[in-house]
$ cat target_18.pdb   # PDB, C-alpha atoms, pLDDT in the B column
ATOM      1  CA  MET K   1      21.747   3.470 -11.641  1.00 46.00           C
ATOM      2  CA  LYS K   2      18.665   1.305 -11.147  1.00 54.00           C
ATOM      3  CA  ASN K   3      19.732  -1.023 -13.962  1.00 54.00           C
ATOM      4  CA  ASP K   4      23.141  -1.498 -12.328  1.00 56.00           C
ATOM      5  CA  ASN K   5      21.461  -2.824  -9.175  1.00 61.00           C
ATOM      6  CA  LEU K   6      19.514  -5.416 -11.174  1.00 61.00           C
ATOM      7  CA  LYS K   7      22.483  -6.401 -13.324  1.00 61.00           C
ATOM      8  CA  ASN K   8      24.730  -7.005 -10.325  1.00 68.00           C
ATOM      9  CA  GLN K   9      22.047  -8.953  -8.473  1.00 78.00           C
ATOM     10  CA  TYR K  10      22.150 -12.030 -10.741  1.00 82.00           C
ATOM     11  CA  ARG K  11      25.118 -14.083 -11.908  1.00 84.00           C
ATOM     12  CA  VAL K  12      25.249 -14.842 -15.617  1.00 86.00           C
ATOM     13  CA  ASN K  13      27.119 -17.509 -17.610  1.00 84.00           C
ATOM     14  CA  GLU K  14      30.788 -17.652 -16.436  1.00 83.00           C
ATOM     15  CA  GLN K  15      30.010 -15.720 -13.244  1.00 84.00           C
ATOM     16  CA  ILE K  16      28.177 -18.768 -11.818  1.00 85.00           C
ATOM     17  CA  ARG K  17      30.437 -20.621  -9.351  1.00 85.00           C
ATOM     18  CA  ALA K  18      28.521 -23.848  -8.572  1.00 84.00           C
ATOM     19  CA  ARG K  19      29.628 -27.258  -9.859  1.00 87.00           C
ATOM     20  CA  GLU K  20      26.121 -28.455 -10.638  1.00 89.00           C
ATOM     21  CA  VAL K  21      23.031 -26.420 -11.495  1.00 88.00           C
ATOM     22  CA  ARG K  22      19.324 -27.104 -11.914  1.00 89.00           C
ATOM     23  CA  ILE K  23      18.178 -25.848 -15.313  1.00 86.00           C
ATOM     24  CA  VAL K  24      14.671 -24.494 -15.829  1.00 84.00           C
ATOM     25  CA  GLY K  25      13.325 -22.763 -18.894  1.00 75.00           C
ATOM     26  CA  ASP K  26      10.303 -22.274 -21.089  1.00 71.00           C
ATOM     27  CA  ASP K  27      10.816 -25.444 -23.119  1.00 73.00           C
ATOM     28  CA  ILE K  28      13.010 -27.438 -20.695  1.00 76.00           C
ATOM     29  CA  GLU K  29      11.980 -29.626 -17.775  1.00 78.00           C
ATOM     30  CA  SER K  30      13.796 -29.160 -14.480  1.00 81.00           C
ATOM     31  CA  VAL K  31      17.139 -31.011 -14.930  1.00 82.00           C
ATOM     32  CA  VAL K  32      20.295 -31.131 -12.780  1.00 87.00           C
ATOM     33  CA  MET K  33      23.542 -31.077 -14.781  1.00 87.00           C
ATOM     34  CA  PRO K  34      27.182 -30.004 -14.459  1.00 88.00           C
ATOM     35  CA  LEU K  35      27.873 -26.287 -14.998  1.00 86.00           C
ATOM     36  CA  GLN K  36      30.026 -26.798 -18.126  1.00 89.00           C
ATOM     37  CA  LYS K  37      27.286 -28.832 -19.804  1.00 88.00           C
ATOM     38  CA  ALA K  38      24.693 -26.172 -18.897  1.00 86.00           C
ATOM     39  CA  LEU K  39      26.920 -23.416 -20.337  1.00 88.00           C
ATOM     40  CA  SER K  40      27.381 -25.337 -23.591  1.00 88.00           C
ATOM     41  CA  LEU K  41      23.604 -25.912 -23.797  1.00 85.00           C
ATOM     42  CA  ALA K  42      22.995 -22.174 -23.344  1.00 84.00           C
ATOM     43  CA  GLU K  43      25.581 -21.351 -26.024  1.00 87.00           C
ATOM     44  CA  GLU K  44      24.014 -23.906 -28.352  1.00 87.00           C
ATOM     45  CA  LYS K  45      20.572 -22.273 -27.998  1.00 85.00           C
ATOM     46  CA  GLU K  46      22.099 -18.762 -28.161  1.00 85.00           C
ATOM     47  CA  LEU K  47      20.709 -17.894 -24.714  1.00 87.00           C
ATOM     48  CA  ASP K  48      22.203 -16.876 -21.386  1.00 86.00           C
ATOM     49  CA  LEU K  49      22.431 -19.011 -18.263  1.00 87.00           C
ATOM     50  CA  VAL K  50      21.046 -16.825 -15.445  1.00 88.00           C
ATOM     51  CA  GLU K  51      21.295 -17.904 -11.788  1.00 88.00           C
ATOM     52  CA  ILE K  52      17.852 -17.056 -10.354  1.00 87.00           C
ATOM     53  CA  SER K  53      18.089 -18.873  -7.015  1.00 86.00           C
ATOM     54  CA  PRO K  54      21.666 -19.054  -5.728  1.00 85.00           C
ATOM     55  CA  THR K  55      20.733 -20.346  -2.260  1.00 86.00           C
ATOM     56  CA  ALA K  56      19.024 -23.514  -3.529  1.00 86.00           C
ATOM     57  CA  VAL K  57      20.971 -26.786  -3.583  1.00 86.00           C
ATOM     58  CA  PRO K  58      21.925 -27.083  -6.421  1.00 86.00           C
ATOM     59  CA  PRO K  59      21.461 -23.438  -7.552  1.00 88.00           C
ATOM     60  CA  VAL K  60      18.579 -22.875  -9.972  1.00 89.00           C
ATOM     61  CA  CYS K  61      19.486 -21.352 -13.336  1.00 88.00           C
ATOM     62  CA  ARG K  62      17.296 -20.313 -16.216  1.00 87.00           C
ATOM     63  CA  LEU K  63      17.979 -20.384 -19.944  1.00 88.00           C
ATOM     64  CA  ILE K  64      16.834 -16.987 -21.205  1.00 86.00           C
ATOM     65  CA  GLU K  65      18.165 -13.850 -22.860  1.00 87.00           C
ATOM     66  CA  TYR K  66      19.560 -11.759 -20.006  1.00 87.00           C
ATOM     67  CA  SER K  67      18.131  -8.474 -21.296  1.00 87.00           C
ATOM     68  CA  LYS K  68      14.688 -10.100 -21.635  1.00 88.00           C
ATOM     69  CA  PHE K  69      15.013 -11.454 -18.085  1.00 87.00           C
ATOM     70  CA  LEU K  70      15.785  -7.967 -16.716  1.00 89.00           C
ATOM     71  CA  TYR K  71      12.886  -6.490 -18.684  1.00 90.00           C
ATOM     72  CA  GLN K  72      10.483  -9.055 -17.185  1.00 88.00           C
ATOM     73  CA  LEU K  73      11.724  -8.249 -13.673  1.00 88.00           C
ATOM     74  CA  LYS K  74      11.210  -4.508 -14.197  1.00 91.00           C
ATOM     75  CA  LYS K  75       7.752  -5.077 -15.654  1.00 92.00           C
ATOM     76  CA  ARG K  76       6.719  -7.308 -12.731  1.00 89.00           C
ATOM     77  CA  ALA K  77       8.021  -4.763 -10.200  1.00 88.00           C
ATOM     78  CA  LYS K  78       6.098  -1.974 -11.943  1.00 89.00           C
ATOM     79  CA  GLU K  79       2.865  -4.010 -11.868  1.00 88.00           C
ATOM     80  CA  GLN K  80       3.290  -4.739  -8.154  1.00 87.00           C
ATOM     81  CA  LYS K  81       3.903  -1.063  -7.447  1.00 84.00           C
ATOM     82  CA  ALA K  82       0.738  -0.124  -9.355  1.00 82.00           C
ATOM     83  CA  LYS K  83      -1.324  -2.564  -7.287  1.00 80.00           C
ATOM     84  CA  GLN K  84      -0.175  -1.125  -3.957  1.00 77.00           C
ATOM     85  CA  VAL K  85      -2.689   0.951  -2.065  1.00 73.00           C
ATOM     86  CA  LYS K  86      -1.277   4.065  -0.482  1.00 75.00           C
ATOM     87  CA  ILE K  87      -3.013   5.241   2.662  1.00 78.00           C
ATOM     88  CA  ASP K  88      -2.370   8.774   3.845  1.00 84.00           C
ATOM     89  CA  VAL K  89      -2.755   9.894   7.436  1.00 88.00           C
ATOM     90  CA  LYS K  90      -4.451  13.257   7.809  1.00 90.00           C
ATOM     91  CA  GLU K  91      -4.087  15.141  11.086  1.00 91.00           C
ATOM     92  CA  ILE K  92      -6.713  17.273  12.764  1.00 93.00           C
ATOM     93  CA  ARG K  93      -5.728  19.427  15.716  1.00 92.00           C
ATOM     94  CA  PHE K  94      -7.999  20.591  18.493  1.00 90.00           C
ATOM     95  CA  GLY K  95      -7.517  22.733  21.550  1.00 87.00           C
ATOM     96  CA  PRO K  96      -9.063  21.623  24.862  1.00 84.00           C
ATOM     97  CA  GLN K  97     -11.767  24.298  24.588  1.00 85.00           C
ATOM     98  CA  THR K  98     -12.623  24.142  20.876  1.00 86.00           C
ATOM     99  CA  ASP K  99     -15.871  25.954  19.943  1.00 90.00           C
ATOM    100  CA  ASP K 100     -18.767  24.146  18.276  1.00 90.00           C
ATOM    101  CA  HIS K 101     -18.277  25.977  14.978  1.00 92.00           C
ATOM    102  CA  ASP K 102     -14.585  24.973  14.769  1.00 93.00           C
ATOM    103  CA  TYR K 103     -15.467  21.460  15.860  1.00 92.00           C
ATOM    104  CA  ASN K 104     -18.104  21.092  13.103  1.00 93.00           C
ATOM    105  CA  PHE K 105     -15.717  22.532  10.506  1.00 93.00           C
ATOM    106  CA  LYS K 106     -13.027  19.990  11.436  1.00 93.00           C
ATOM    107  CA  LEU K 107     -15.602  17.199  11.610  1.00 93.00           C
ATOM    108  CA  LYS K 108     -16.662  17.959   8.019  1.00 94.00           C
ATOM    109  CA  HIS K 109     -13.031  17.725   6.891  1.00 93.00           C
ATOM    110  CA  ALA K 110     -12.555  14.436   8.755  1.00 93.00           C
ATOM    111  CA  ILE K 111     -15.625  12.987   7.047  1.00 92.00           C
ATOM    112  CA  SER K 112     -14.243  13.905   3.621  1.00 92.00           C
ATOM    113  CA  PHE K 113     -10.833  12.397   4.533  1.00 90.00           C
ATOM    114  CA  LEU K 114     -12.433   9.125   5.622  1.00 90.00           C
ATOM    115  CA  LYS K 115     -14.615   9.003   2.495  1.00 89.00           C
ATOM    116  CA  ASP K 116     -11.469   9.417   0.386  1.00 87.00           C
ATOM    117  CA  GLY K 117      -9.945   6.386   2.141  1.00 85.00           C
ATOM    118  CA  ASP K 118      -7.414   8.256   4.305  1.00 88.00           C
ATOM    119  CA  LYS K 119      -6.777   7.603   7.979  1.00 91.00           C
ATOM    120  CA  VAL K 120      -7.491  10.427  10.399  1.00 93.00           C
ATOM    121  CA  LYS K 121      -5.308  11.225  13.396  1.00 93.00           C
ATOM    122  CA  ALA K 122      -7.090  13.666  15.680  1.00 93.00           C
ATOM    123  CA  TYR K 123      -5.347  15.187  18.659  1.00 92.00           C
ATOM    124  CA  VAL K 124      -5.867  17.747  21.357  1.00 92.00           C
ATOM    125  CA  PHE K 125      -2.781  19.861  22.027  1.00 90.00           C
ATOM    126  CA  PHE K 126      -2.422  21.187  25.555  1.00 88.00           C
ATOM    127  CA  LYS K 127      -0.442  24.420  25.959  1.00 87.00           C
ATOM    128  CA  GLY K 128       0.982  25.447  29.302  1.00 84.00           C
ATOM    129  CA  ARG K 129      -1.535  25.071  32.109  1.00 82.00           C
ATOM    130  CA  SER K 130      -4.290  23.781  29.801  1.00 80.00           C
ATOM    131  CA  ILE K 131      -3.026  20.275  30.672  1.00 80.00           C
ATOM    132  CA  LEU K 132      -5.388  20.642  33.648  1.00 80.00           C
ATOM    133  CA  PHE K 133      -8.257  20.105  31.177  1.00 76.00           C
ATOM    134  CA  LYS K 134      -7.255  16.542  30.215  1.00 85.00           C
ATOM    135  CA  GLU K 135     -10.791  15.324  30.830  1.00 87.00           C
ATOM    136  CA  GLN K 136     -12.223  17.936  28.439  1.00 88.00           C
ATOM    137  CA  GLY K 137      -9.764  16.828  25.746  1.00 88.00           C
ATOM    138  CA  GLU K 138     -10.706  13.190  26.213  1.00 89.00           C
ATOM    139  CA  VAL K 139     -14.435  13.995  26.074  1.00 90.00           C
ATOM    140  CA  LEU K 140     -13.854  16.051  22.906  1.00 91.00           C
ATOM    141  CA  LEU K 141     -11.989  13.210  21.173  1.00 91.00           C
ATOM    142  CA  LEU K 142     -14.563  10.604  22.199  1.00 91.00           C
ATOM    143  CA  ARG K 143     -17.349  12.872  20.886  1.00 92.00           C
ATOM    144  CA  PHE K 144     -15.376  13.268  17.651  1.00 92.00           C
ATOM    145  CA  ALA K 145     -14.985   9.481  17.313  1.00 92.00           C
ATOM    146  CA  ASN K 146     -18.681   8.986  18.061  1.00 92.00           C
ATOM    147  CA  ASP K 147     -19.697  11.517  15.378  1.00 92.00           C
ATOM    148  CA  LEU K 148     -17.465   9.750  12.830  1.00 91.00           C
ATOM    149  CA  GLU K 149     -18.692   6.263  13.741  1.00 90.00           C
ATOM    150  CA  GLU K 150     -20.698   6.042  10.497  1.00 91.00           C
ATOM    151  CA  TYR K 151     -17.645   6.776   8.295  1.00 90.00           C
ATOM    152  CA  GLY K 152     -14.756   5.124  10.122  1.00 90.00           C
ATOM    153  CA  LYS K 153     -13.750   2.922  12.997  1.00 91.00           C
ATOM    154  CA  LEU K 154     -11.687   3.892  16.011  1.00 90.00           C
ATOM    155  CA  ASP K 155      -8.232   2.261  15.961  1.00 89.00           C
ATOM    156  CA  MET K 156      -7.145   3.385  19.421  1.00 86.00           C
ATOM    157  CA  MET K 157      -8.753   5.045  22.383  1.00 88.00           C
ATOM    158  CA  PRO K 158      -7.498   8.498  23.454  1.00 89.00           C
ATOM    159  CA  VAL K 159      -3.880   8.283  24.634  1.00 88.00           C
ATOM    160  CA  LEU K 160      -1.964  11.083  26.335  1.00 87.00           C
ATOM    161  CA  GLU K 161       1.577  11.402  24.949  1.00 87.00           C
ATOM    162  CA  GLY K 162       3.344  14.389  26.460  1.00 86.00           C
ATOM    163  CA  LYS K 163       1.169  17.407  25.703  1.00 88.00           C
ATOM    164  CA  ARG K 164      -0.958  15.624  23.099  1.00 90.00           C
ATOM    165  CA  MET K 165      -3.976  13.385  23.489  1.00 91.00           C
ATOM    166  CA  THR K 166      -4.411  11.346  20.309  1.00 93.00           C
ATOM    167  CA  ILE K 167      -6.890   9.023  18.569  1.00 93.00           C
ATOM    168  CA  MET K 168      -6.605   7.249  15.196  1.00 93.00           C
ATOM    169  CA  MET K 169      -9.501   6.391  12.897  1.00 91.00           C
ATOM    170  CA  SER K 170      -9.532   4.197   9.800  1.00 91.00           C
ATOM    171  CA  PRO K 171     -12.102   4.402   7.028  1.00 90.00           C
ATOM    172  CA  LYS K 172     -14.758   1.715   6.916  1.00 84.00           C
ATOM    173  CA  LYS K 173     -14.713  -0.615   3.950  1.00 74.00           C
ATOM    174  CA  ALA K 174     -16.637   0.983   1.115  1.00 56.00           C
ATOM    175  CA  GLN K 175     -19.825  -0.860   0.296  1.00 45.00           C
ATOM    176  CA  ALA K 176     -21.249  -0.859  -3.198  1.00 39.00           C
ATOM    177  CA  PRO K 177     -23.872   1.861  -3.509  1.00 42.00           C
ATOM    178  CA  LYS K 178     -27.397   0.536  -3.625  1.00 39.00           C
ATOM    179  CA  LYS K 179     -29.012   0.812  -7.006  1.00 41.00           C
ATOM    180  CA  VAL K 180     -32.174   2.833  -6.939  1.00 44.00           C
ATOM    181  CA  LYS K 181     -34.765   1.817  -9.477  1.00 46.00           C
ATOM    182  CA  PRO K 182     -36.251   4.778 -11.320  1.00 49.00           C
ATOM    183  CA  GLU K 183     -39.922   5.079 -10.612  1.00 51.00           C
ATOM    184  CA  GLN K 184     -42.137   4.442 -13.585  1.00 49.00           C
ATOM    185  CA  LYS K 185     -44.531   7.193 -14.425  1.00 50.00           C
ATOM    186  CA  PRO K 186     -48.173   6.218 -14.720  1.00 50.00           C
ATOM    187  CA  ALA K 187     -49.475   6.062 -18.272  1.00 50.00           C
ATOM    188  CA  SER K 188     -51.625   9.149 -17.656  1.00 50.00           C
ATOM    189  CA  GLU K 189     -48.506  11.355 -17.233  1.00 49.00           C
ATOM    190  CA  THR K 190     -47.071  10.743 -20.702  1.00 48.00           C
ATOM    191  CA  LYS K 191     -46.615  13.727 -22.984  1.00 49.00           C
ATOM    192  CA  SER K 192     -49.639  14.454 -25.060  1.00 46.00           C
ATOM    193  CA  GLU K 193     -48.867  18.062 -25.873  1.00 42.00           C
TER     194      GLU K 193
END
$ encode --input "target_18.pdb" --output "structure tokens"
Amino acid sequence: MKNDNLKNQYRVNEQIRAREVRIVGDDIESVVMPLQKALSLAEEKELDLVEISPTAVPPVCRLIEYSKFLYQLKKRAKEQKAKQVKIDVKEIRFGPQTDDHDYNFKLKHAISFLKDGDKVKAYVFFKGRSILFKEQGEVLLLRFANDLEEYGKLDMMPVLEGKRMTIMMSPKKAQAPKKVKPEQKPASETKSE
């Protein structure tokens, strides 16, 4: 299925509809010529004429084996996908009256998430009448952000959305760890046993 999408994306040889085309290739300088001449040149070199830029005036075509061209596209797409950095968002939920022990437990998890390079979305969920404690929720989230200041930066201040008050934190850029020089032992501490 994926190959069909690539194959139908580019026009090849007789599928090209332009009168004139610009030819580019590995051993050819950029030249504008009529389509029939370009097709005969491709046939002569036993290559395919592939339209790589149909919107250009005149359209740009390349002399290359079509299967090789598709392989290069797939390879390039795979390399780009490998270079992408995926950032996960981890959520941490609090209540408006979260105990210190629970708070510290969740803080420890948030620190590990930020060290791993994930974003942290912390929120206080207000049930029923607990919405009266909005100020406590805001104080809790600001304290949480302050405790994580060393590991991440605050993306947005606490925002109340319905029954949730939310903050987002991003990890700080990782700095190279400082190299610690091993201390040399004095000559008197060498093994003599």
$ resolve_selection --input "target_18.pdb" --expression "the PyMOL selection byres ((chain K and resi 34) around 12)" --output "number ranges by chain"
K: 16-23, 31-33, 35-41, 58-59, 61
$ closest_residue --input "target_18.pdb" --among "K:Arg93, K:Lys163, K:Lys172, K:Lys153" --to "Lys115 in chain K" --atoms "all atoms listed in the file"
K:Lys172
$ residues_around --input "target_18.pdb" --residues "Asp116 in chain K" --least-positions-apart "6" --cutoff "10 Å" --atoms "all atoms listed in the file" --output "list in words"
Ile87, Asp88, Ala110, Pro171 and Ala174 of chain K
$ atom_distance --input "target_18.pdb" --atom1 "CA of Val60 in chain K" --atom2 "CA of Gln80 in chain K"
23.8 Å
$ closest_residue --input "target_18.pdb" --among "K:Glu161, K:Glu43, K:Glu150, K:Asp118" --to "Lys134 in chain K" --atoms "all atoms listed in the file"
K:Glu161
$ closest_residue --input "target_18.pdb" --among "K:Gln136, K:Gln97, K:Tyr151, K:Ala82" --to "Ser112 in chain K" --atoms "all atoms listed in the file"
K:Tyr151
$ resolve_selection --input "target_18.pdb" --expression "the PyMOL selection byres ((chain K and resi 139) around 12)" --output "ChimeraX atom specification"
/K:94,96-98,123-124,133-138,140-146,157-158,165-167
$ axis_aligned_box --input "target_18.pdb" --around "range 150-163 of chain K" --padding-each-side "4 Å" --output "AutoDock Vina command-line options"
--center_x -8.7 --center_y 9.8 --center_z 17.4 --size_x 32.0 --size_y 23.1 --size_z 26.2
$ atom_distance --input "target_18.pdb" --atom1 "CA of Gly117 in chain K" --atom2 "CA of Asp99 in chain K"
27.1 Å
$ decode --input "target_18.pdb" --residues "range 89-147 of chain K" --atoms "C-alpha atoms" --output "PDB file, in the first residue's frame"
ATOM      1  CA  VAL K  89       3.635  14.523  27.954  1.00  0.00           C
ATOM      2  CA  LYS K  90       3.264  12.907  31.356  1.00  0.00           C
ATOM      3  CA  GLU K  91       0.341  13.922  33.559  1.00  0.00           C
ATOM      4  CA  ILE K  92       0.364  14.254  37.320  1.00  0.00           C
ATOM      5  CA  ARG K  93      -2.918  14.726  39.148  1.00  0.00           C
ATOM      6  CA  PHE K  94      -3.396  16.416  42.485  1.00  0.00           C
ATOM      7  CA  GLY K  95      -6.377  17.076  44.685  1.00  0.00           C
ATOM      8  CA  PRO K  96      -6.765  20.511  46.312  1.00  0.00           C
ATOM      9  CA  GLN K  97      -5.770  19.102  49.713  1.00  0.00           C
ATOM     10  CA  THR K  98      -2.943  16.728  48.760  1.00  0.00           C
ATOM     11  CA  ASP K  99      -0.834  15.535  51.732  1.00  0.00           C
ATOM     12  CA  ASP K 100       2.911  16.154  51.908  1.00  0.00           C
ATOM     13  CA  HIS K 101       3.746  12.471  51.453  1.00  0.00           C
ATOM     14  CA  ASP K 102       1.662  12.215  48.249  1.00  0.00           C
ATOM     15  CA  TYR K 103       3.065  15.520  47.059  1.00  0.00           C
ATOM     16  CA  ASN K 104       6.680  14.346  47.544  1.00  0.00           C
ATOM     17  CA  PHE K 105       5.925  11.027  45.833  1.00  0.00           C
ATOM     18  CA  LYS K 106       4.505  12.820  42.779  1.00  0.00           C
ATOM     19  CA  LEU K 107       7.348  15.344  42.832  1.00  0.00           C
ATOM     20  CA  LYS K 108       9.880  12.490  42.639  1.00  0.00           C
ATOM     21  CA  HIS K 109       8.064  11.076  39.604  1.00  0.00           C
ATOM     22  CA  ALA K 110       7.966  14.501  37.935  1.00  0.00           C
ATOM     23  CA  ILE K 111      11.713  14.887  38.440  1.00  0.00           C
ATOM     24  CA  SER K 112      12.360  11.534  36.759  1.00  0.00           C
ATOM     25  CA  PHE K 113      10.026  12.475  33.862  1.00  0.00           C
ATOM     26  CA  LEU K 114      11.840  15.769  33.307  1.00  0.00           C
ATOM     27  CA  LYS K 115      15.251  14.070  33.497  1.00  0.00           C
ATOM     28  CA  ASP K 116      14.087  11.624  30.817  1.00  0.00           C
ATOM     29  CA  GLY K 117      13.209  14.579  28.563  1.00  0.00           C
ATOM     30  CA  ASP K 118       9.409  14.351  28.863  1.00  0.00           C
ATOM     31  CA  LYS K 119       7.084  17.282  29.441  1.00  0.00           C
ATOM     32  CA  VAL K 120       5.044  17.284  32.632  1.00  0.00           C
ATOM     33  CA  LYS K 121       1.437  18.439  32.816  1.00  0.00           C
ATOM     34  CA  ALA K 122       0.385  18.823  36.435  1.00  0.00           C
ATOM     35  CA  TYR K 123      -3.192  19.576  37.363  1.00  0.00           C
ATOM     36  CA  VAL K 124      -5.425  19.912  40.365  1.00  0.00           C
ATOM     37  CA  PHE K 125      -8.846  18.336  39.867  1.00  0.00           C
ATOM     38  CA  PHE K 126     -11.686  19.903  41.820  1.00  0.00           C
ATOM     39  CA  LYS K 127     -14.622  17.624  42.669  1.00  0.00           C
ATOM     40  CA  GLY K 128     -17.987  19.034  43.643  1.00  0.00           C
ATOM     41  CA  ARG K 129     -17.689  21.822  46.192  1.00  0.00           C
ATOM     42  CA  SER K 130     -13.880  21.607  46.350  1.00  0.00           C
ATOM     43  CA  ILE K 131     -13.869  24.300  43.631  1.00  0.00           C
ATOM     44  CA  LEU K 132     -14.078  26.682  46.607  1.00  0.00           C
ATOM     45  CA  PHE K 133     -10.397  25.873  47.253  1.00  0.00           C
ATOM     46  CA  LYS K 134      -9.112  27.346  43.966  1.00  0.00           C
ATOM     47  CA  GLU K 135      -6.480  29.341  45.828  1.00  0.00           C
ATOM     48  CA  GLN K 136      -5.128  26.191  47.512  1.00  0.00           C
ATOM     49  CA  GLY K 137      -4.853  24.485  44.115  1.00  0.00           C
ATOM     50  CA  GLU K 138      -2.996  27.439  42.646  1.00  0.00           C
ATOM     51  CA  VAL K 139      -0.603  27.586  45.617  1.00  0.00           C
ATOM     52  CA  LEU K 140       0.003  23.828  45.293  1.00  0.00           C
ATOM     53  CA  LEU K 141       0.836  24.087  41.579  1.00  0.00           C
ATOM     54  CA  LEU K 142       3.107  27.098  42.078  1.00  0.00           C
ATOM     55  CA  ARG K 143       4.928  25.232  44.877  1.00  0.00           C
ATOM     56  CA  PHE K 144       5.256  22.238  42.544  1.00  0.00           C
ATOM     57  CA  ALA K 145       6.700  24.437  39.770  1.00  0.00           C
ATOM     58  CA  ASN K 146       9.077  26.078  42.245  1.00  0.00           C
ATOM     59  CA  ASP K 147      10.337  22.685  43.484  1.00  0.00           C
TER      60      ASP K 147
END
